[in-house]
$ cat structure14.pdb   # PDB, C-alpha atoms
ATOM      1  CA  TRP A   1      98.817  82.954 146.567
ATOM      2  CA  ILE A   2      98.681  86.638 147.437
ATOM      3  CA  LYS A   3     102.267  86.712 148.677
ATOM      4  CA  GLU A   4     103.642  84.788 145.698
ATOM      5  CA  GLY A   5     101.642  86.915 143.292
ATOM      6  CA  PHE A   6     102.957  90.089 144.894
ATOM      7  CA  ASP A   7     106.525  88.753 144.720
ATOM      8  CA  ILE A   8     106.139  88.193 140.958
ATOM      9  CA  TYR A   9     104.804  91.723 140.635
ATOM     10  CA  LYS A  10     107.611  93.222 142.718
ATOM     11  CA  ASN A  11     110.330  91.384 140.792
ATOM     12  CA  ASN A  12     108.958  92.436 137.401
ATOM     13  CA  LEU A  13     107.627  95.872 138.263
ATOM     14  CA  GLY A  14     108.874  97.784 135.218
ATOM     15  CA  LEU A  15     107.690  95.199 132.701
ATOM     16  CA  LEU A  16     104.234  94.922 134.258
ATOM     17  CA  ILE A  17     103.686  98.672 134.564
ATOM     18  CA  VAL A  18     104.625  99.293 130.918
ATOM     19  CA  ALA A  19     102.390  96.427 129.759
ATOM     20  CA  SER A  20      99.584  97.697 131.974
ATOM     21  CA  LEU A  21     100.005 101.223 130.585
ATOM     22  CA  ILE A  22      99.626  99.911 127.034
ATOM     23  CA  ALA A  23      96.598  97.807 127.981
ATOM     24  CA  VAL A  24      94.816 100.608 129.856
ATOM     25  CA  LEU A  25      95.445 103.238 127.178
ATOM     26  CA  LEU A  26      94.268 101.039 124.303
ATOM     27  CA  THR A  27      91.215  99.967 126.280
ATOM     28  CA  ALA A  28      90.375 103.597 127.069
ATOM     29  CA  VAL A  29      90.825 105.020 123.558
ATOM     30  CA  THR A  30      88.686 102.224 122.068
ATOM     31  CA  LEU A  31      85.955 102.782 124.678
ATOM     32  CA  GLY A  32      86.500  99.316 126.132
ATOM     33  CA  ILE A  33      86.367  97.378 122.868
ATOM     34  CA  LEU A  34      89.948  96.170 123.329
ATOM     35  CA  GLY A  35      89.476  95.449 127.036
ATOM     36  CA  GLY A  36      89.210  91.721 126.369
ATOM     37  CA  PRO A  37      92.293  91.200 124.182
ATOM     38  CA  MET A  38      94.377  93.600 126.262
ATOM     39  CA  SER A  39      93.463  91.683 129.420
ATOM     40  CA  ALA A  40      94.271  88.448 127.586
ATOM     41  CA  GLY A  41      97.690  89.923 126.796
ATOM     42  CA  MET A  42      98.227  90.707 130.472
ATOM     43  CA  VAL A  43      97.222  87.142 131.356
ATOM     44  CA  LEU A  44      99.731  85.813 128.834
ATOM     45  CA  ILE A  45     102.527  87.882 130.368
ATOM     46  CA  VAL A  46     101.803  86.962 133.992
ATOM     47  CA  LEU A  47     101.512  83.271 133.160
ATOM     48  CA  LYS A  48     104.905  83.399 131.460
ATOM     49  CA  LEU A  49     106.338  85.072 134.551
ATOM     50  CA  ARG A  50     104.701  82.509 136.834
ATOM     51  CA  ASP A  51     106.007  79.621 134.704
ATOM     52  CA  GLY A  52     109.501  81.065 134.315
ATOM     53  CA  SER A  53     109.218  80.809 130.521
ATOM     54  CA  GLN A  54     112.307  81.362 128.395
ATOM     55  CA  PRO A  55     112.811  83.748 126.790
ATOM     56  CA  PRO A  56     111.113  85.884 129.429
ATOM     57  CA  PRO A  57     108.150  88.020 128.386
ATOM     58  CA  VAL A  58     108.441  91.624 127.286
ATOM     59  CA  ALA A  59     105.880  94.419 127.519
ATOM     60  CA  GLY A  60     105.069  94.083 123.822
ATOM     61  CA  ASP A  61     103.707  90.596 124.495
ATOM     62  CA  VAL A  62     100.520  92.300 125.630
ATOM     63  CA  PHE A  63      99.660  92.614 121.930
ATOM     64  CA  GLN A  64      99.603  88.826 121.678
ATOM     65  CA  GLY A  65      96.229  89.134 123.356
ATOM     66  CA  PHE A  66      94.861  89.807 119.862
ATOM     67  CA  GLN A  67      95.348  86.081 119.200
ATOM     68  CA  TYR A  68      92.375  85.623 121.506
ATOM     69  CA  PHE A  69      90.376  88.614 120.294
ATOM     70  CA  LEU A  70      86.995  86.959 119.728
ATOM     71  CA  PRO A  71      86.763  84.760 122.855
ATOM     72  CA  SER A  72      88.175  87.468 125.122
ATOM     73  CA  PHE A  73      85.906  90.124 123.587
ATOM     74  CA  LEU A  74      82.850  87.876 124.010
ATOM     75  CA  PHE A  75      83.901  87.027 127.564
ATOM     76  CA  PHE A  76      83.942  90.716 128.461
ATOM     77  CA  ILE A  77      80.886  91.862 126.523
ATOM     78  CA  VAL A  78      78.527  88.955 127.214
ATOM     79  CA  TRP A  79      79.190  88.694 130.933
ATOM     80  CA  GLY A  80      79.366  92.465 131.232
ATOM     81  CA  LEU A  81      75.885  92.811 129.725
ATOM     82  CA  ILE A  82      74.503  89.982 131.860
ATOM     83  CA  ILE A  83      75.869  91.515 135.051
ATOM     84  CA  LEU A  84      74.704  94.983 134.005
ATOM     85  CA  ALA A  85      71.201  93.698 133.312
ATOM     86  CA  GLY A  86      71.166  91.931 136.673
ATOM     87  CA  THR A  87      72.232  95.023 138.571
ATOM     88  CA  VAL A  88      69.640  97.175 136.786
ATOM     89  CA  ILE A  89      66.867  94.735 137.648
ATOM     90  CA  LEU A  90      68.007  94.472 141.265
ATOM     91  CA  SER A  91      68.165  98.260 141.560
ATOM     92  CA  PHE A  92      64.369  98.352 141.429
ATOM     93  CA  ILE A  93      64.180  96.382 144.697
ATOM     94  CA  PRO A  94      63.769  98.867 147.558
ATOM     95  CA  CYS A  95      66.518  98.996 150.194
ATOM     96  CA  LEU A  96      68.083  95.639 149.467
ATOM     97  CA  GLY A  97      68.569  96.203 145.744
ATOM     98  CA  GLN A  98      71.965  97.899 145.998
ATOM     99  CA  ILE A  99      73.275  95.290 148.411
ATOM    100  CA  ALA A 100      72.058  92.518 146.117
ATOM    101  CA  SER A 101      73.745  94.225 143.147
ATOM    102  CA  ILE A 102      77.060  94.352 144.985
ATOM    103  CA  CYS A 103      76.708  90.678 145.936
ATOM    104  CA  LEU A 104      75.962  89.803 142.310
ATOM    105  CA  CYS A 105      79.084  91.591 141.071
ATOM    106  CA  LEU A 106      81.292  89.967 143.715
ATOM    107  CA  ALA A 107      79.881  86.493 143.049
ATOM    108  CA  ALA A 108      80.327  86.900 139.287
ATOM    109  CA  GLY A 109      83.909  88.057 139.802
ATOM    110  CA  ALA A 110      84.653  84.955 141.848
ATOM    111  CA  PHE A 111      82.937  82.460 139.539
ATOM    112  CA  LEU A 112      84.557  83.888 136.399
ATOM    113  CA  MET A 113      88.005  84.630 137.825
ATOM    114  CA  PHE A 114      89.730  81.911 135.777
ATOM    115  CA  GLY A 115      87.836  82.473 132.511
ATOM    116  CA  LEU A 116      90.438  84.558 130.696
ATOM    117  CA  PHE A 117      93.240  82.322 131.932
ATOM    118  CA  LEU A 118      91.523  79.294 130.398
ATOM    119  CA  ILE A 119      90.957  81.164 127.140
ATOM    120  CA  VAL A 120      94.658  82.007 126.918
ATOM    121  CA  ASP A 121      96.218  78.900 128.440
ATOM    122  CA  LYS A 122      93.880  76.203 127.111
ATOM    123  CA  LYS A 123      92.574  78.050 124.044
ATOM    124  CA  MET A 124      88.973  77.499 125.088
ATOM    125  CA  ASP A 125      86.062  79.430 123.646
ATOM    126  CA  PHE A 126      84.564  81.983 126.007
ATOM    127  CA  TRP A 127      81.579  79.885 127.089
ATOM    128  CA  THR A 128      83.550  76.700 127.745
ATOM    129  CA  ALA A 129      86.129  78.704 129.700
ATOM    130  CA  SER A 130      83.388  80.403 131.694
ATOM    131  CA  MET A 131      81.710  77.128 132.616
ATOM    132  CA  ALA A 132      85.052  75.519 133.516
ATOM    133  CA  SER A 133      85.838  78.442 135.814
ATOM    134  CA  ILE A 134      82.413  78.264 137.456
ATOM    135  CA  ASP A 135      82.691  74.496 137.962
ATOM    136  CA  LYS A 136      86.104  74.853 139.600
ATOM    137  CA  VAL A 137      85.083  77.703 141.909
ATOM    138  CA  LYS A 138      81.708  76.288 142.931
ATOM    139  CA  PRO A 139      82.899  73.611 145.432
ATOM    140  CA  ALA A 140      84.983  76.185 147.361
ATOM    141  CA  PHE A 141      83.050  79.326 146.537
ATOM    142  CA  PHE A 142      83.621  81.349 149.705
ATOM    143  CA  PRO A 143      87.421  80.942 149.843
ATOM    144  CA  PHE A 144      87.634  81.914 146.156
ATOM    145  CA  LEU A 145      85.233  84.792 146.786
ATOM    146  CA  GLY A 146      87.512  86.052 149.545
ATOM    147  CA  LEU A 147      90.537  85.812 147.271
ATOM    148  CA  ALA A 148      88.730  87.591 144.431
ATOM    149  CA  VAL A 149      87.665  90.410 146.742
ATOM    150  CA  VAL A 150      91.150  90.883 148.206
ATOM    151  CA  ALA A 151      92.871  90.680 144.817
ATOM    152  CA  GLY A 152      90.307  93.035 143.332
ATOM    153  CA  ILE A 153      90.741  95.602 146.102
ATOM    154  CA  ILE A 154      94.529  95.472 145.750
ATOM    155  CA  GLY A 155      94.449  95.511 141.978
ATOM    156  CA  TYR A 156      91.953  98.300 141.474
ATOM    157  CA  ILE A 157      92.634 100.561 144.426
ATOM    158  CA  GLY A 158      94.517 102.733 141.947
ATOM    159  CA  ALA A 159      91.169 103.826 140.527
ATOM    160  CA  LEU A 160      90.829 106.091 143.549
ATOM    161  CA  ALA A 161      93.641 108.256 142.152
ATOM    162  CA  CYS A 162      91.612 109.483 139.188
ATOM    163  CA  GLY A 163      92.052 106.064 137.603
ATOM    164  CA  ILE A 164      95.734 106.651 136.838
ATOM    165  CA  GLY A 165      96.909 104.414 139.671
ATOM    166  CA  VAL A 166      95.235 101.421 138.032
ATOM    167  CA  ILE A 167      98.219 101.210 135.687
ATOM    168  CA  ILE A 168     100.415 100.458 138.707
ATOM    169  CA  THR A 169      98.043  98.321 140.763
ATOM    170  CA  MET A 170      96.113  96.332 138.159
ATOM    171  CA  PRO A 171      99.011  93.942 137.400
ATOM    172  CA  ILE A 172      98.932  92.785 141.038
ATOM    173  CA  TYR A 173      95.437  91.422 140.455
ATOM    174  CA  PHE A 174      96.663  89.465 137.435
ATOM    175  CA  THR A 175      99.780  88.080 139.150
ATOM    176  CA  ILE A 176      97.765  86.855 142.148
ATOM    177  CA  LEU A 177      95.265  85.119 139.882
ATOM    178  CA  ALA A 178      98.091  83.636 137.773
ATOM    179  CA  VAL A 179      99.564  81.926 140.833
ATOM    180  CA  THR A 180      96.116  80.742 141.926
ATOM    181  CA  TYR A 181      95.245  79.504 138.446
ATOM    182  CA  ARG A 182      98.395  77.411 138.126
ATOM    183  CA  ASP A 183      97.852  75.812 141.535
ATOM    184  CA  VAL A 184      94.200  75.073 140.824
ATOM    185  CA  PHE A 185      94.345  73.978 137.179
ATOM    186  CA  GLY A 186      97.863  72.562 137.066
ATOM    187  CA  SER A 187     101.021  73.300 135.130
ATOM    188  CA  GLY A 188     101.491  73.874 131.478
ATOM    189  CA  ALA A 189     104.167  76.401 130.648
ATOM    190  CA  ILE A 190     103.508  78.774 127.758
ATOM    191  CA  SER A 191     105.672  78.077 124.749
ATOM    192  CA  PRO A 192     107.647  80.996 123.292
ATOM    193  CA  GLU A 193     106.425  80.202 119.776
ATOM    194  CA  GLN A 194     102.707  79.896 120.406
ATOM    195  CA  GLY A 195     102.304  82.334 123.238
ATOM    196  CA  ALA A 196      99.981  79.994 125.094
ATOM    197  CA  SER A 197      99.973  76.418 126.270
ATOM    198  CA  GLN A 198      97.854  73.850 124.510
ATOM    199  CA  ASN A 199      98.274  71.356 127.329
ATOM    200  CA  PRO A 200      94.727  69.998 127.910
ATOM    201  CA  GLN A 201      95.483  68.670 131.337
ATOM    202  CA  GLY A 202      93.541  70.298 134.178
TER
END
$ encode --input "structure14.pdb" --output "C-alpha cells"
Amino acid sequence: WIKEGFDIYKNNLGLLIVASLIAVLLTAVTLGILGGPMSAGMVLIVLKLRDGSQPPPVAGDVFQGFQYFLPSFLFFIVWGLIILAGTVILSFIPCLGQIASICLCLAAGAFLMFGLFLIVDKKMDFWTASMASIDKVKPAFFPFLGLAVVAGIIGYIGALACGIGVIITMPIYFTILAVTYRDVFGSGAISPEQGASQNPQG
C-alpha cells in the first residue's frame, strides 16, 4: 500500500503539489473552516488517480470537494472537538496524561482513516461514514494503526519546515490511504460527470 501510494504520488507530482497548495492555502486563510471540503477535494483527486479515471484529474478538481461541504465539515469539526475534549481531560492525569492523549489521537486517526473516502466515494453522511470506517478498522486495528502512523509521519513531516513542506508531503498521505481504501472497500471508479462513485458495494 505504501509503495503503490508513493508510486502514484511520484507519477503525478506536479498535479498533487498544485492541488495541495490550493487546499492548504484555502484552509489556512479560512482558519480551518474549509479544511473538510479541501481534504474531500484531495480525496477525490487521489481516488481518480488510483482508479485511472478518464479524463484524468486536474488540480482544479480540488474545488469539487465543495460538493461534500457539509459532511466533510462536520467530519472535521465534530471529531476534532471530541478528540480535543478528550486530550484536555486526559491532560489532567499526572504523568500518564500526555501519553494517553497521544494514544487517543493515534487511535482516532486509525479508526477514522477511511471516513472522508466514504463521504466522497459512497456519498455517506459524516456519521455513517465514520461508523463504517470504525467497523472496518476494528477487526485489524493494530495493522491499520501502524499504517496510519507511517502514512501520517510521511505525509506531515513537511510541517517541520515551518509548515511549508506539508504542501509537498501531505499528498503522500492521501495517495497511500487511497490505495488502502480501494483494497479494503472494493472498486468503484469515480465518474467524470459526478466526481464521485455512487457504487454502494463495499
$ atom_distance --input "structure14.pdb" --atom1 "CA of Leu15 in chain A" --atom2 "CA of Ala129 in chain A"
27.3 Å
$ closest_residue --input "structure14.pdb" --among "A:Met131, A:Leu104, A:Val78, A:Val166" --to "Leu90 in chain A" --atoms "all atoms listed in the file"
A:Leu104
$ resolve_selection --input "structure14.pdb" --expression "the PyMOL selection byres ((chain A and resi 2-5) around 8)" --output "list of chain:residue names"
A:Trp1, A:Phe6, A:Asp7, A:Ile8, A:Tyr9, A:Ala151, A:Ile172, A:Thr175, A:Ile176, A:Leu177, A:Ala178, A:Val179
$ resolve_selection --input "structure14.pdb" --expression "the PyMOL selection byres ((chain A and resi 40) around 9)" --output "list in words"
Gly35, Gly36, Pro37, Met38, Ser39, Gly41, Met42, Val43, Leu44, Ile45, Val62, Phe63, Gln64, Gly65, Phe66, Gln67, Tyr68, Phe69, Ser72, Leu116, Phe117, Ile119 and Val120 of chain A
$ write_last_selection --input "structure14.pdb" --atoms "C-alpha atoms" --output "tab-separated table (two decimals), keeping the file's coordinate frame"
chain	number	residue	atom	x	y	z
A	35	GLY	CA	89.48	95.45	127.04
A	36	GLY	CA	89.21	91.72	126.37
A	37	PRO	CA	92.29	91.20	124.18
A	38	MET	CA	94.38	93.60	126.26
A	39	SER	CA	93.46	91.68	129.42
A	41	GLY	CA	97.69	89.92	126.80
A	42	MET	CA	98.23	90.71	130.47
A	43	VAL	CA	97.22	87.14	131.36
A	44	LEU	CA	99.73	85.81	128.83
A	45	ILE	CA	102.53	87.88	130.37
A	62	VAL	CA	100.52	92.30	125.63
A	63	PHE	CA	99.66	92.61	121.93
A	64	GLN	CA	99.60	88.83	121.68
A	65	GLY	CA	96.23	89.13	123.36
A	66	PHE	CA	94.86	89.81	119.86
A	67	GLN	CA	95.35	86.08	119.20
A	68	TYR	CA	92.38	85.62	121.51
A	69	PHE	CA	90.38	88.61	120.29
A	72	SER	CA	88.18	87.47	125.12
A	116	LEU	CA	90.44	84.56	130.70
A	117	PHE	CA	93.24	82.32	131.93
A	119	ILE	CA	90.96	81.16	127.14
A	120	VAL	CA	94.66	82.01	126.92
$ closest_residue --input "structure14.pdb" --among "A:Ile17, A:Ala107, A:Leu118, A:Leu34" --to "Phe73 in chain A" --atoms "all atoms listed in the file"
A:Leu34
$ atom_distance --input "structure14.pdb" --atom1 "CA of Val88 in chain A" --atom2 "CA of Cys105 in chain A"
11.8 Å
$ atom_distance --input "structure14.pdb" --atom1 "CA of Thr87 in chain A" --atom2 "CA of Ser20 in chain A"
28.3 Å
$ resolve_selection --input "structure14.pdb" --expression "the PyMOL selection byres ((chain A and resi 148) around 9)" --output "PyMOL selection string"
chain A and resi 106+109-110+113+143-147+149-153+173+177
$ closest_residue --input "structure14.pdb" --among "A:Asp121, A:Ile168, A:Trp79, A:Val184" --to "Ala140 in chain A" --atoms "only C-alpha atoms"
A:Val184
$ closest_residue --input "structure14.pdb" --among "A:Met124, A:Ala19, A:Ile83, A:Cys95" --to "Leu70 in chain A" --atoms "all atoms listed in the file"
A:Met124
$ closest_residue --input "structure14.pdb" --among "A:Phe111, A:Tyr181, A:Phe174, A:Phe142" --to "Tyr156 in chain A" --atoms "all atoms listed in the file"
A:Phe174
$ closest_residue --input "structure14.pdb" --among "A:Ile93, A:Ile102, A:Val46, A:Val24" --to "Val58 in chain A" --atoms "all atoms listed in the file"
A:Val46
$ decode --input "structure14.pdb" --residues "range 87-103 of chain A" --atoms "N, CA, C and O atoms" --output "PDB file, in the first residue's frame"
ATOM      1  N   THR A  87      -8.348  14.998  24.826  1.00  0.00           N
ATOM      2  CA  THR A  87      -6.960  15.291  25.182  1.00  0.00           C
ATOM      3  C   THR A  87      -6.880  16.275  26.350  1.00  0.00           C
ATOM      4  O   THR A  87      -5.981  16.173  27.192  1.00  0.00           O
ATOM      5  N   VAL A  88      -7.811  17.222  26.413  1.00  0.00           N
ATOM      6  CA  VAL A  88      -7.829  18.165  27.531  1.00  0.00           C
ATOM      7  C   VAL A  88      -8.111  17.437  28.839  1.00  0.00           C
ATOM      8  O   VAL A  88      -7.453  17.674  29.867  1.00  0.00           O
ATOM      9  N   ILE A  89      -9.090  16.547  28.809  1.00  0.00           N
ATOM     10  CA  ILE A  89      -9.428  15.789  30.016  1.00  0.00           C
ATOM     11  C   ILE A  89      -8.257  14.914  30.448  1.00  0.00           C
ATOM     12  O   ILE A  89      -7.890  14.864  31.633  1.00  0.00           O
ATOM     13  N   LEU A  90      -7.632  14.241  29.494  1.00  0.00           N
ATOM     14  CA  LEU A  90      -6.508  13.364  29.818  1.00  0.00           C
ATOM     15  C   LEU A  90      -5.301  14.137  30.325  1.00  0.00           C
ATOM     16  O   LEU A  90      -4.479  13.597  31.078  1.00  0.00           O
ATOM     17  N   SER A  91      -5.188  15.407  29.916  1.00  0.00           N
ATOM     18  CA  SER A  91      -4.030  16.202  30.335  1.00  0.00           C
ATOM     19  C   SER A  91      -4.009  16.446  31.841  1.00  0.00           C
ATOM     20  O   SER A  91      -2.965  16.799  32.403  1.00  0.00           O
ATOM     21  N   PHE A  92      -5.151  16.277  32.485  1.00  0.00           N
ATOM     22  CA  PHE A  92      -5.211  16.475  33.935  1.00  0.00           C
ATOM     23  C   PHE A  92      -4.706  15.251  34.702  1.00  0.00           C
ATOM     24  O   PHE A  92      -4.553  15.308  35.923  1.00  0.00           O
ATOM     25  N   ILE A  93      -4.470  14.141  33.993  1.00  0.00           N
ATOM     26  CA  ILE A  93      -3.946  12.942  34.648  1.00  0.00           C
ATOM     27  C   ILE A  93      -2.436  13.084  34.783  1.00  0.00           C
ATOM     28  O   ILE A  93      -1.741  13.251  33.775  1.00  0.00           O
ATOM     29  N   PRO A  94      -1.910  13.036  35.977  1.00  0.00           N
ATOM     30  CA  PRO A  94      -0.459  13.213  36.164  1.00  0.00           C
ATOM     31  C   PRO A  94       0.347  12.138  35.438  1.00  0.00           C
ATOM     32  O   PRO A  94      -0.059  10.974  35.378  1.00  0.00           O
ATOM     33  N   CYS A  95       1.442  12.530  34.868  1.00  0.00           N
ATOM     34  CA  CYS A  95       2.430  11.640  34.240  1.00  0.00           C
ATOM     35  C   CYS A  95       1.906  10.945  32.989  1.00  0.00           C
ATOM     36  O   CYS A  95       2.445  11.100  31.903  1.00  0.00           O
ATOM     37  N   LEU A  96       0.874  10.163  33.155  1.00  0.00           N
ATOM     38  CA  LEU A  96       0.393   9.351  32.037  1.00  0.00           C
ATOM     39  C   LEU A  96      -0.550  10.101  31.106  1.00  0.00           C
ATOM     40  O   LEU A  96      -0.909   9.586  30.043  1.00  0.00           O
ATOM     41  N   GLY A  97      -0.964  11.295  31.499  1.00  0.00           N
ATOM     42  CA  GLY A  97      -1.947  12.028  30.703  1.00  0.00           C
ATOM     43  C   GLY A  97      -1.489  12.326  29.290  1.00  0.00           C
ATOM     44  O   GLY A  97      -2.244  12.134  28.329  1.00  0.00           O
ATOM     45  N   GLN A  98      -0.251  12.780  29.134  1.00  0.00           N
ATOM     46  CA  GLN A  98       0.249  13.119  27.795  1.00  0.00           C
ATOM     47  C   GLN A  98       0.381  11.882  26.920  1.00  0.00           C
ATOM     48  O   GLN A  98       0.064  11.922  25.733  1.00  0.00           O
ATOM     49  N   ILE A  99       0.830  10.790  27.518  1.00  0.00           N
ATOM     50  CA  ILE A  99       0.943   9.543  26.759  1.00  0.00           C
ATOM     51  C   ILE A  99      -0.433   9.073  26.313  1.00  0.00           C
ATOM     52  O   ILE A  99      -0.631   8.658  25.165  1.00  0.00           O
ATOM     53  N   ALA A 100      -1.401   9.164  27.227  1.00  0.00           N
ATOM     54  CA  ALA A 100      -2.768   8.753  26.897  1.00  0.00           C
ATOM     55  C   ALA A 100      -3.348   9.637  25.800  1.00  0.00           C
ATOM     56  O   ALA A 100      -4.079   9.159  24.928  1.00  0.00           O
ATOM     57  N   SER A 101      -3.020  10.936  25.818  1.00  0.00           N
ATOM     58  CA  SER A 101      -3.514  11.850  24.791  1.00  0.00           C
ATOM     59  C   SER A 101      -2.966  11.481  23.415  1.00  0.00           C
ATOM     60  O   SER A 101      -3.692  11.497  22.416  1.00  0.00           O
ATOM     61  N   ILE A 102      -1.677  11.159  23.386  1.00  0.00           N
ATOM     62  CA  ILE A 102      -1.060  10.738  22.122  1.00  0.00           C
ATOM     63  C   ILE A 102      -1.713   9.460  21.609  1.00  0.00           C
ATOM     64  O   ILE A 102      -2.034   9.340  20.420  1.00  0.00           O
ATOM     65  N   CYS A 103      -1.938   8.509  22.510  1.00  0.00           N
ATOM     66  CA  CYS A 103      -2.587   7.246  22.129  1.00  0.00           C
ATOM     67  C   CYS A 103      -3.990   7.493  21.594  1.00  0.00           C
ATOM     68  O   CYS A 103      -4.427   6.854  20.621  1.00  0.00           O
TER      69      CYS A 103
END
